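**Student:** Below are the structure tokens for one structure; questions will follow.
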Amino acid sequence: MLRFLADARDFLPILLSGCLVTIELTLAALVLSTVLGFVWALLRLSPSRYVRAPAVTFITVIRGIPIIVQLFYIYFVLPDLGIQLSAFQAGVVGLGIAYSAYQAENFRAGIQSVDPGQIEAAQTLGMRPPLIMRRVVLPQAIRVFLPPYGNTMIMMLKDSSIASAITVAELTRGGQLIAASTFRNMTVFTLVALLYLTMSLPLTYLAHRLEKRYGRK
Amino acid sequence: MIVVDRIGKAFGAHVVLDEFSLEVDTGEVVCIIGPSGSGKSTALRCINGLETYDKGTITIDGVRVDRDDPSIHALRSEVGMVFQRFNLFPHRTALENVMEGPVYVKRIAQDDARARGLALLAKVGLAEKADAYPDRLSGGQQQRVAIARALAMEPKVILFDEPTSALDPELVGDVLHVMLRLAREGMTMVVVTHEIGFAAEVADRVLFLDHGRILEQGPPAAILRNPRHERTRDFLQRVLHPVA
């Protein structure tokens with residue numbers, strides 16, 4: 001036990017800086033996936049087949065490819081096409097795009113849950129589509145898409161560990177490096193696990209609150 | 001003001017509207033009656049471009065109603081509509097529902113819109129419900145808020161789509177009373193309704209619609225007391241004496 005604490009004292013500074021990268025990566029990818037997901041959802045709901053079809057195809061393709069393969073593609077293949085991203089940037093873009101497909105379906109479900117009569121009422125006031133979206137549809141759709149959104153945040157935090165595979169210096173990567181050089185696997189990965197758990201607790205609490213606040217009705 | 005000129009609409013072989021024409025002058029109250037499925041609501045919804053039509057033209061003060069033209073938004077802001085199922089915004093209070101159009105479409109200052117909104121809620125007898133959310137209001141109260149919401153846009157005309165059909169019988173009177181007052185004040189109204197008594201009392205003109213066609217029209221006394229067509233007689237008999 002003492003040994004564990006002594007090791008922990010040595011390893012924690014490195015692991016905590018990994019945590020910082022994990023948080024940055026999670027937040028950046030979350031923002032990107034939210035924005036993209038919203039765009040896909042809107043395209044998906046377009047009355048035009050020619051707008052819908054590409055969005056559906058994109059979502060299907062992204063959902064059918066493992067995130068780690070998407071990350072490899074962005075980090076190792078895109079440079080051949082002249083697009084050079086840092087490991088962190090590739091991680092944000094890869095996770096952001098991968099998650100945008102899930103977010104899109106969630107947003108779509110939320111938007112479609114709004115009674116069409118609401119949109120008609122807004123139209124008869126002379127509102128244009130963007131205003132209807134902002135003032136009438138989204139405030140009601142949020143009840144449907146916020147509870148799953150809480151879970152998405154937790155999943156994103158954990159899946160950000162996949163970025164370790166493309167050398168992003170986040171928590172899991174930090175743990176791997178320390179373990180490889182010290183062989184203190186038990187200590188290192190116990191700490192890594194505890195740190196993920198610690199970071200996820202506020203999100204779990206938030207998800208629970210969202211569920212309680214919007215889940216009913 | 002409103003000129004509907006021989007509009008037609010069909011879903012495949014099913015004809016919803018057939019050569020439907022209607023002219024409504026400022027200050028006029030026109031009631032459209034007819035069996036369900038006769039195209040009453042569709043006709044009404046064509047007037048503010050909620051539905052498209054295949055043939056004919058509709059103009060309001062000379063402006064063509066075209067759902068897919070950008071001009072439709074401005075046009076709709078001048079044509080109020082009251083729905084069978086109220087369609088109040090559930091996430092906003094009664095007052096906020098009434099203020100929504102003036103503030104976000106007409107860009108009137110919040111304070112002015114609030115003052116006007118409160119006055120309109122008072123007019124429909126709901127001043128004390130200004131801060132209530134729709135789910136705290138009865139159907140009749142919700143519909144009166146919906147009327148206030150339409151009035152807040154200061155429309156040229158208000159379209160009513162079976163405004164009392166979703167209400168408990170004892171709540172119908174309050175809503176009809178508000179509509180009656182509006183009519184007396186000179187509001188132009190097109191009302192799709194099953195309330196024959198209301199039509200008889202308030203309408204300048206009654207249209208009887210059957211299978212998408214106007215079967216007869218004229219002053220309420222003529223249409224409701226002495227209908228010429230067998231189908232009109234039959235319909236009125238069923239509505240006025242359902243068990244007879």
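By order in the structure tokens, chains are A, B, ...; within a chain, residues start at 1; ligands start at 1, following the order shown.
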Per residue of segment 107-198 of chain A within 8 Å of segment 75-90 of chain A, which atom pair is closest and at what distance in Å (one decimal), using only C-alpha atoms, listed by chain and increasing number, as a tab-separated table?
**Tutor:**
residue	atom	partner	partner_atom	distance
A:Ile166	CA	A:Ala87	CA	6.2
A:Thr167	CA	A:Ala87	CA	6.3
A:Val168	CA	A:Ala87	CA	5.4
**Student:** Given the selection you just returned, output its residues as a file containing N, CA and C atoms, formatted as an mmCIF file, in the first residue's frame.
**Tutor:**
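Ended up saving to result.cif:
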data_model
loop_
_atom_site.group_PDB
_atom_site.id
_atom_site.type_symbol
_atom_site.label_atom_id
_atom_site.label_comp_id
_atom_site.auth_asym_id
_atom_site.auth_seq_id
_atom_site.Cartn_x
_atom_site.Cartn_y
_atom_site.Cartn_z
ATOM 1 N N ILE A 166 -3.246 7.279 -31.605
ATOM 2 C CA ILE A 166 -2.534 8.142 -32.568
ATOM 3 C C ILE A 166 -1.629 9.116 -31.808
ATOM 4 N N THR A 167 -1.132 8.667 -30.673
ATOM 5 C CA THR A 167 -0.100 9.366 -29.889
ATOM 6 C C THR A 167 -0.530 10.689 -29.265
ATOM 7 N N VAL A 168 -1.820 10.917 -29.094
ATOM 8 C CA VAL A 168 -2.234 12.111 -28.355
ATOM 9 C C VAL A 168 -1.867 11.887 -26.889
#
**Student:** Report as a PyMOL selection string all protein, DNA and RNA residues lying within 7 Å of Gly117 of chain A, evaluated on only C-alpha atoms, omitting residues in the same chain fewer than 3 positions from it.
**Tutor:** (chain A and resi 120-121) or (chain B and resi 87)
**Student:** How would the residues just picked look written out with C-alpha atoms as an mmCIF file, in the first residue's frame?
**Tutor:**
data_model
loop_
_atom_site.group_PDB
_atom_site.id
_atom_site.type_symbol
_atom_site.label_atom_id
_atom_site.label_comp_id
_atom_site.auth_asym_id
_atom_site.auth_seq_id
_atom_site.Cartn_x
_atom_site.Cartn_y
_atom_site.Cartn_z
ATOM 1 C CA GLU A 120 -47.842 25.766 -38.177
ATOM 2 C CA ALA A 121 -48.715 28.117 -35.320
ATOM 3 C CA ASN B 87 -51.285 25.059 -30.730
#
**Student:** Considering only C-alpha atoms, tabulate each residue of chain A that lies at most 6 Å from chain B along with its nearest interatomic pair and the corresponding distance in Å to one decimal; arrange the rows by chain and ascending residue number and present them as a Markdown table.
**Tutor:**
| residue | atom | partner | partner_atom | distance |
| --- | --- | --- | --- | --- |
| A:Gly117 | CA | B:Asn87 | CA | 5.8 |
| A:Gln118 | CA | B:Asn87 | CA | 5.6 |
| A:Thr124 | CA | B:Arg76 | CA | 5.3 |
| A:Leu125 | CA | B:Ser77 | CA | 5.0 |
| A:Gly126 | CA | B:Ser77 | CA | 4.1 |
**Student:** Those residues with all heavy atoms, as an mmCIF file, in the first residue's frame please?
**Tutor:**
data_model
loop_
_atom_site.group_PDB
_atom_site.id
_atom_site.type_symbol
_atom_site.label_atom_id
_atom_site.label_comp_id
_atom_site.auth_asym_id
_atom_site.auth_seq_id
_atom_site.Cartn_x
_atom_site.Cartn_y
_atom_site.Cartn_z
ATOM 1 N N GLY A 117 -48.128 20.935 -35.345
ATOM 2 C CA GLY A 117 -49.031 22.063 -35.091
ATOM 3 C C GLY A 117 -48.289 23.265 -34.516
ATOM 4 O O GLY A 117 -48.671 24.415 -34.728
ATOM 5 N N GLN A 118 -47.198 22.985 -33.788
ATOM 6 C CA GLN A 118 -46.383 24.061 -33.240
ATOM 7 C C GLN A 118 -45.734 24.864 -34.349
ATOM 8 O O GLN A 118 -45.661 26.088 -34.298
ATOM 9 C CB GLN A 118 -45.291 23.454 -32.346
ATOM 10 C CG GLN A 118 -45.825 22.872 -31.067
ATOM 11 C CD GLN A 118 -46.264 23.971 -30.134
ATOM 12 O OE1 GLN A 118 -45.515 24.904 -29.894
ATOM 13 N NE2 GLN A 118 -47.473 23.893 -29.637
ATOM 14 N N THR A 124 -47.927 30.771 -38.963
ATOM 15 C CA THR A 124 -49.044 31.705 -39.143
ATOM 16 C C THR A 124 -48.764 33.044 -38.474
ATOM 17 O O THR A 124 -49.444 34.019 -38.756
ATOM 18 C CB THR A 124 -50.368 31.144 -38.596
ATOM 19 O OG1 THR A 124 -50.193 30.820 -37.227
ATOM 20 C CG2 THR A 124 -50.798 29.923 -39.354
ATOM 21 N N LEU A 125 -47.767 33.096 -37.586
ATOM 22 C CA LEU A 125 -47.369 34.393 -37.033
ATOM 23 C C LEU A 125 -46.429 35.122 -37.988
ATOM 24 O O LEU A 125 -46.025 36.246 -37.724
ATOM 25 C CB LEU A 125 -46.683 34.211 -35.679
ATOM 26 C CG LEU A 125 -47.569 33.730 -34.525
ATOM 27 C CD1 LEU A 125 -46.726 33.487 -33.278
ATOM 28 C CD2 LEU A 125 -48.662 34.743 -34.225
ATOM 29 N N GLY A 126 -46.052 34.439 -39.077
ATOM 30 C CA GLY A 126 -45.154 35.053 -40.053
ATOM 31 C C GLY A 126 -43.693 34.754 -39.786
ATOM 32 O O GLY A 126 -42.810 35.395 -40.342
#
**Student:** Between atom CA of Val65 of chain B and atom CA of Ser46 of chain A, what is the distance in Å, rounded to a tenth?
**Tutor:**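 Calculated distance between atom CA of Val65 of chain B and atom CA of Ser46 of chain A is 22.8 Å.
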**Student:** Name all residues at most 10 Å from Met179 of chain B (count only C-alpha atoms; drop same-chain ones fewer than 6 positions away) and give them as a PDB file with C-alpha atoms, in the first residue's frame.
**Tutor:**
ATOM      1  CA  VAL B 124     -60.381  37.788 -23.846  1.00  0.00           C
ATOM      2  CA  ARG B 144     -58.856  32.421 -25.921  1.00  0.00           C
ATOM      3  CA  ILE B 147     -57.149  34.261 -30.219  1.00  0.00           C
ATOM      4  CA  PHE B 160     -60.665  30.054 -37.486  1.00  0.00           C
ATOM      5  CA  PRO B 163     -62.061  26.664 -32.974  1.00  0.00           C
ATOM      6  CA  GLY B 173     -69.572  29.499 -24.947  1.00  0.00           C
ATOM      7  CA  GLU B 185     -65.979  45.166 -33.615  1.00  0.00           C
ATOM      8  CA  MET B 187     -62.856  42.075 -37.522  1.00  0.00           C
ATOM      9  CA  MET B 189     -63.232  36.554 -40.092  1.00  0.00           C
ATOM     10  CA  VAL B 191     -64.703  30.580 -39.678  1.00  0.00           C
ATOM     11  CA  PHE B 198     -72.935  30.915 -34.046  1.00  0.00           C
ATOM     12  CA  VAL B 202     -72.755  36.222 -36.506  1.00  0.00           C
TER      13      VAL B 202
END
**Student:** Between B:Pro220, B:Leu95, B:Lys9, B:Val190, which is the closest to Asp204 of chain B once you count only C-alpha atoms?
**Tutor:**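 Smallest distance to Asp204 of chain B is found for B:Pro220.
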**Student:** Tell me which of A:Ala165, A:Val51, A:Leu42, A:Ala179 sits closest to Tyr73 of chain A, counting only C-alpha atoms.
**Tutor:**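 Looking at the shortest contact to Tyr73 of chain A, the residue is A:Ala165.
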**Student:** So which residues touch Val4 of chain B within 6 Å, counting only C-alpha atoms, skipping near sequence neighbours fewer than 2 positions away, as a PDB file with all heavy atoms, in the first residue's frame?
**Tutor:**
ATOM      1  N   SER B  21     -64.319  28.894 -54.889  1.00  0.00           N
ATOM      2  CA  SER B  21     -64.127  30.341 -54.992  1.00  0.00           C
ATOM      3  C   SER B  21     -64.743  31.033 -53.793  1.00  0.00           C
ATOM      4  O   SER B  21     -65.761  30.584 -53.257  1.00  0.00           O
ATOM      5  CB  SER B  21     -64.780  30.894 -56.265  1.00  0.00           C
ATOM      6  OG  SER B  21     -64.132  30.377 -57.402  1.00  0.00           O
ATOM      7  N   LEU B  22     -64.106  32.125 -53.392  1.00  0.00           N
ATOM      8  CA  LEU B  22     -64.607  32.840 -52.217  1.00  0.00           C
ATOM      9  C   LEU B  22     -64.061  34.256 -52.249  1.00  0.00           C
ATOM     10  O   LEU B  22     -62.873  34.458 -52.516  1.00  0.00           O
ATOM     11  CB  LEU B  22     -64.120  32.120 -50.949  1.00  0.00           C
ATOM     12  CG  LEU B  22     -64.317  32.811 -49.605  1.00  0.00           C
ATOM     13  CD1 LEU B  22     -65.798  32.913 -49.264  1.00  0.00           C
ATOM     14  CD2 LEU B  22     -63.583  32.046 -48.508  1.00  0.00           C
ATOM     15  N   ILE B  58     -55.195  32.471 -55.337  1.00  0.00           N
ATOM     16  CA  ILE B  58     -55.677  33.154 -54.140  1.00  0.00           C
ATOM     17  C   ILE B  58     -54.867  34.435 -54.011  1.00  0.00           C
ATOM     18  O   ILE B  58     -53.640  34.406 -54.110  1.00  0.00           O
ATOM     19  CB  ILE B  58     -55.471  32.306 -52.872  1.00  0.00           C
ATOM     20  CG1 ILE B  58     -56.176  30.955 -52.992  1.00  0.00           C
ATOM     21  CG2 ILE B  58     -55.958  33.053 -51.631  1.00  0.00           C
ATOM     22  CD1 ILE B  58     -55.925  30.028 -51.819  1.00  0.00           C
TER      23      ILE B  58
END
**Student:** Give me the residues within 12 Å of Pro139 of chain A as a VMD selection string, counting only C-alpha atoms and dropping any in the same chain fewer than 5 places off.
**Tutor:** (chain A and resid 110 to 111 113 to 114 118 131 to 134 144 to 146 214) or (chain B and resid 89 to 92)
**Student:** Please produce a file of the residues just selected, as a PDB file, in the first residue's frame, where the atoms kept are C-alpha atoms.
**Tutor:**
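Resulting contents of out.pdb:
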ATOM      1  CA  GLY A 110     -35.728  15.579 -30.661  1.00  0.00           C
ATOM      2  CA  ILE A 111     -36.734  17.815 -33.543  1.00  0.00           C
ATOM      3  CA  SER A 113     -40.813  14.920 -31.440  1.00  0.00           C
ATOM      4  CA  VAL A 114     -42.177  18.473 -31.736  1.00  0.00           C
ATOM      5  CA  GLN A 118     -46.383  24.061 -33.240  1.00  0.00           C
ATOM      6  CA  LEU A 131     -36.670  31.786 -36.195  1.00  0.00           C
ATOM      7  CA  ILE A 132     -39.127  28.894 -35.845  1.00  0.00           C
ATOM      8  CA  MET A 133     -36.195  26.569 -35.162  1.00  0.00           C
ATOM      9  CA  ARG A 134     -34.736  28.871 -32.518  1.00  0.00           C
ATOM     10  CA  VAL A 144     -35.943  14.964 -25.772  1.00  0.00           C
ATOM     11  CA  PHE A 145     -32.305  15.327 -26.673  1.00  0.00           C
ATOM     12  CA  LEU A 146     -30.757  16.583 -23.456  1.00  0.00           C
ATOM     13  CA  TYR A 214     -36.361  16.989 -18.758  1.00  0.00           C
TER      14      TYR A 214
ATOM     15  CA  PHE B  89     -46.353  27.240 -27.361  1.00  0.00           C
ATOM     16  CA  PRO B  90     -46.198  25.009 -24.262  1.00  0.00           C
ATOM     17  CA  HIS B  91     -42.828  26.339 -23.110  1.00  0.00           C
ATOM     18  CA  ARG B  92     -44.077  29.910 -22.879  1.00  0.00           C
TER      19      ARG B  92
END
**Student:** Find, counting only C-alpha atoms, the residue in B:Thr93, B:Ser138, B:Thr188, B:Thr52 that gets nearest to Leu167 of chain B.
**Tutor:** B:Ser138
**Student:** Between A:Leu171, A:Ile154, A:Val192, A:Ala207, which has the minimum distance to Thr22 of chain A (counting only C-alpha atoms)?
**Tutor:**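 Between A:Leu171, A:Ile154, A:Val192, A:Ala207, the residue approaching Thr22 of chain A most closely is A:Leu171.
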**Student:** Looking only at the backbone, which of the residues in segment 116-196 of chain B does DSSP tag as helix (DSSP H, G or I), as an MDAnalysis selection string?
**Tutor:** chainID B and resid 116:123 127:129 134:136 139:151 169:184 196
**Student:** List the neighbours of Leu32 of chain A out to 10 Å using only C-alpha atoms; skip same-chain residues closer than 3 positions along the sequence, and give me the result as an NGL selection string.
**Tutor:** :A and (26-29 or 35-38 or 92-97 or 99-100)
**Student:** Only all heavy atoms, please: the residues just picked out, written as an mmCIF file, in the first residue's frame.
**Tutor:**
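Just written: out35.cif:
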data_model
loop_
_atom_site.group_PDB
_atom_site.id
_atom_site.type_symbol
_atom_site.label_atom_id
_atom_site.label_comp_id
_atom_site.auth_asym_id
_atom_site.auth_seq_id
_atom_site.Cartn_x
_atom_site.Cartn_y
_atom_site.Cartn_z
ATOM 1 N N THR A 26 -11.868 16.060 -25.001
ATOM 2 C CA THR A 26 -13.289 15.734 -24.862
ATOM 3 C C THR A 26 -14.159 16.946 -25.180
ATOM 4 O O THR A 26 -15.123 16.859 -25.950
ATOM 5 C CB THR A 26 -13.588 15.243 -23.433
ATOM 6 O OG1 THR A 26 -12.759 14.119 -23.158
ATOM 7 C CG2 THR A 26 -15.050 14.856 -23.283
ATOM 8 N N LEU A 27 -13.797 18.080 -24.593
ATOM 9 C CA LEU A 27 -14.607 19.285 -24.792
ATOM 10 C C LEU A 27 -14.598 19.718 -26.259
ATOM 11 O O LEU A 27 -15.655 20.003 -26.840
ATOM 12 C CB LEU A 27 -14.097 20.426 -23.918
ATOM 13 C CG LEU A 27 -14.477 20.327 -22.428
ATOM 14 C CD1 LEU A 27 -13.881 21.501 -21.650
ATOM 15 C CD2 LEU A 27 -15.997 20.320 -22.284
ATOM 16 N N ALA A 28 -13.414 19.743 -26.851
ATOM 17 C CA ALA A 28 -13.310 20.202 -28.242
ATOM 18 C C ALA A 28 -14.096 19.264 -29.163
ATOM 19 O O ALA A 28 -14.849 19.719 -30.041
ATOM 20 C CB ALA A 28 -11.854 20.267 -28.671
ATOM 21 N N ALA A 29 -13.935 17.952 -28.938
ATOM 22 C CA ALA A 29 -14.636 16.989 -29.797
ATOM 23 C C ALA A 29 -16.148 17.066 -29.563
ATOM 24 O O ALA A 29 -16.942 16.888 -30.489
ATOM 25 C CB ALA A 29 -14.132 15.578 -29.530
ATOM 26 N N VAL A 35 -22.033 20.584 -33.156
ATOM 27 C CA VAL A 35 -22.299 21.461 -34.297
ATOM 28 C C VAL A 35 -22.545 20.628 -35.559
ATOM 29 O O VAL A 35 -23.558 20.806 -36.250
ATOM 30 C CB VAL A 35 -21.114 22.432 -34.522
ATOM 31 C CG1 VAL A 35 -21.313 23.228 -35.800
ATOM 32 C CG2 VAL A 35 -20.975 23.364 -33.327
ATOM 33 N N LEU A 36 -21.635 19.689 -35.828
ATOM 34 C CA LEU A 36 -21.794 18.857 -37.026
ATOM 35 C C LEU A 36 -23.076 18.027 -36.943
ATOM 36 O O LEU A 36 -23.821 17.921 -37.910
ATOM 37 C CB LEU A 36 -20.596 17.914 -37.186
ATOM 38 C CG LEU A 36 -19.286 18.539 -37.670
ATOM 39 C CD1 LEU A 36 -18.206 17.469 -37.750
ATOM 40 C CD2 LEU A 36 -19.494 19.184 -39.035
ATOM 41 N N GLY A 37 -23.314 17.443 -35.775
ATOM 42 C CA GLY A 37 -24.500 16.597 -35.593
ATOM 43 C C GLY A 37 -25.768 17.375 -35.885
ATOM 44 O O GLY A 37 -26.707 16.871 -36.501
ATOM 45 N N PHE A 38 -25.768 18.626 -35.452
ATOM 46 C CA PHE A 38 -26.938 19.460 -35.685
ATOM 47 C C PHE A 38 -27.119 19.725 -37.179
ATOM 48 O O PHE A 38 -28.235 19.675 -37.705
ATOM 49 C CB PHE A 38 -26.781 20.762 -34.909
ATOM 50 C CG PHE A 38 -28.031 21.567 -34.860
ATOM 51 C CD1 PHE A 38 -29.169 21.052 -34.261
ATOM 52 C CD2 PHE A 38 -28.092 22.819 -35.432
ATOM 53 C CE1 PHE A 38 -30.336 21.779 -34.240
ATOM 54 C CE2 PHE A 38 -29.261 23.552 -35.410
ATOM 55 C CZ PHE A 38 -30.386 23.034 -34.804
ATOM 56 N N VAL A 92 -9.382 15.445 -32.224
ATOM 57 C CA VAL A 92 -10.603 16.253 -32.115
ATOM 58 C C VAL A 92 -11.484 16.038 -33.344
ATOM 59 O O VAL A 92 -12.691 15.767 -33.230
ATOM 60 C CB VAL A 92 -10.265 17.754 -31.971
ATOM 61 C CG1 VAL A 92 -11.518 18.598 -32.108
ATOM 62 C CG2 VAL A 92 -9.588 18.016 -30.633
ATOM 63 N N VAL A 93 -10.860 16.126 -34.519
ATOM 64 C CA VAL A 93 -11.628 15.982 -35.755
ATOM 65 C C VAL A 93 -12.241 14.581 -35.847
ATOM 66 O O VAL A 93 -13.435 14.416 -36.145
ATOM 67 C CB VAL A 93 -10.743 16.274 -36.988
ATOM 68 C CG1 VAL A 93 -11.473 15.920 -38.277
ATOM 69 C CG2 VAL A 93 -10.326 17.735 -36.999
ATOM 70 N N GLY A 94 -11.413 13.553 -35.559
ATOM 71 C CA GLY A 94 -11.887 12.171 -35.674
ATOM 72 C C GLY A 94 -13.021 11.874 -34.714
ATOM 73 O O GLY A 94 -14.080 11.384 -35.115
ATOM 74 N N LEU A 95 -12.818 12.193 -33.433
ATOM 75 C CA LEU A 95 -13.868 11.937 -32.444
ATOM 76 C C LEU A 95 -15.099 12.802 -32.732
ATOM 77 O O LEU A 95 -16.234 12.351 -32.599
ATOM 78 C CB LEU A 95 -13.362 12.226 -31.036
ATOM 79 C CG LEU A 95 -12.430 11.174 -30.430
ATOM 80 C CD1 LEU A 95 -11.722 11.731 -29.194
ATOM 81 C CD2 LEU A 95 -13.215 9.915 -30.058
ATOM 82 N N GLY A 96 -14.834 14.035 -33.158
ATOM 83 C CA GLY A 96 -15.941 14.949 -33.449
ATOM 84 C C GLY A 96 -16.813 14.416 -34.570
ATOM 85 O O GLY A 96 -18.041 14.393 -34.456
ATOM 86 N N ILE A 97 -16.180 13.955 -35.642
ATOM 87 C CA ILE A 97 -16.952 13.438 -36.775
ATOM 88 C C ILE A 97 -17.650 12.130 -36.398
ATOM 89 O O ILE A 97 -18.842 11.941 -36.671
ATOM 90 C CB ILE A 97 -16.035 13.238 -38.001
ATOM 91 C CG1 ILE A 97 -15.624 14.597 -38.562
ATOM 92 C CG2 ILE A 97 -16.744 12.419 -39.077
ATOM 93 C CD1 ILE A 97 -14.664 14.519 -39.734
ATOM 94 N N TYR A 99 -18.624 11.055 -33.510
ATOM 95 C CA TYR A 99 -19.754 11.279 -32.612
ATOM 96 C C TYR A 99 -20.865 12.087 -33.256
ATOM 97 O O TYR A 99 -22.016 12.009 -32.842
ATOM 98 C CB TYR A 99 -19.263 11.951 -31.320
ATOM 99 C CG TYR A 99 -19.012 10.951 -30.223
ATOM 100 C CD1 TYR A 99 -18.017 9.996 -30.352
ATOM 101 C CD2 TYR A 99 -19.815 10.936 -29.083
ATOM 102 C CE1 TYR A 99 -17.801 9.061 -29.366
ATOM 103 C CE2 TYR A 99 -19.608 10.004 -28.092
ATOM 104 C CZ TYR A 99 -18.599 9.059 -28.233
ATOM 105 O OH TYR A 99 -18.409 8.123 -27.257
ATOM 106 N N SER A 100 -20.518 12.884 -34.278
ATOM 107 C CA SER A 100 -21.561 13.716 -34.899
ATOM 108 C C SER A 100 -22.662 12.837 -35.488
ATOM 109 O O SER A 100 -23.825 13.235 -35.525
ATOM 110 C CB SER A 100 -20.962 14.610 -35.982
ATOM 111 O OG SER A 100 -20.585 13.856 -37.127
#
**Student:** How many Å lie between atom CA of Val15 of chain B and atom CA of Gly218 of chain B, rounded to one decimal?
**Tutor:** 24.1 Å
**Student:** Fewer than 4 positions away in the same chain doesn't count, so skip those; otherwise give me all residues within 10 Å of segment 52-63 of chain A, counting only C-alpha atoms, as a list in words.
**Tutor:** Gly37, Val39, Trp40, Ala41, Leu42, Leu43, Arg44, Leu45, Ser46, Pro47, Ser48, Ile67, Gln70, Ile97, Ala98, Tyr99, Ser100, Ala101, Tyr102, Gln103, Ala104 and Glu105 of chain A
**Student:** Smallest atom-to-atom distance to Glu211 of chain A: which of A:Lys158, A:Arg143, A:Ala193, A:Met153, using only C-alpha atoms?
**Tutor:** A:Arg143
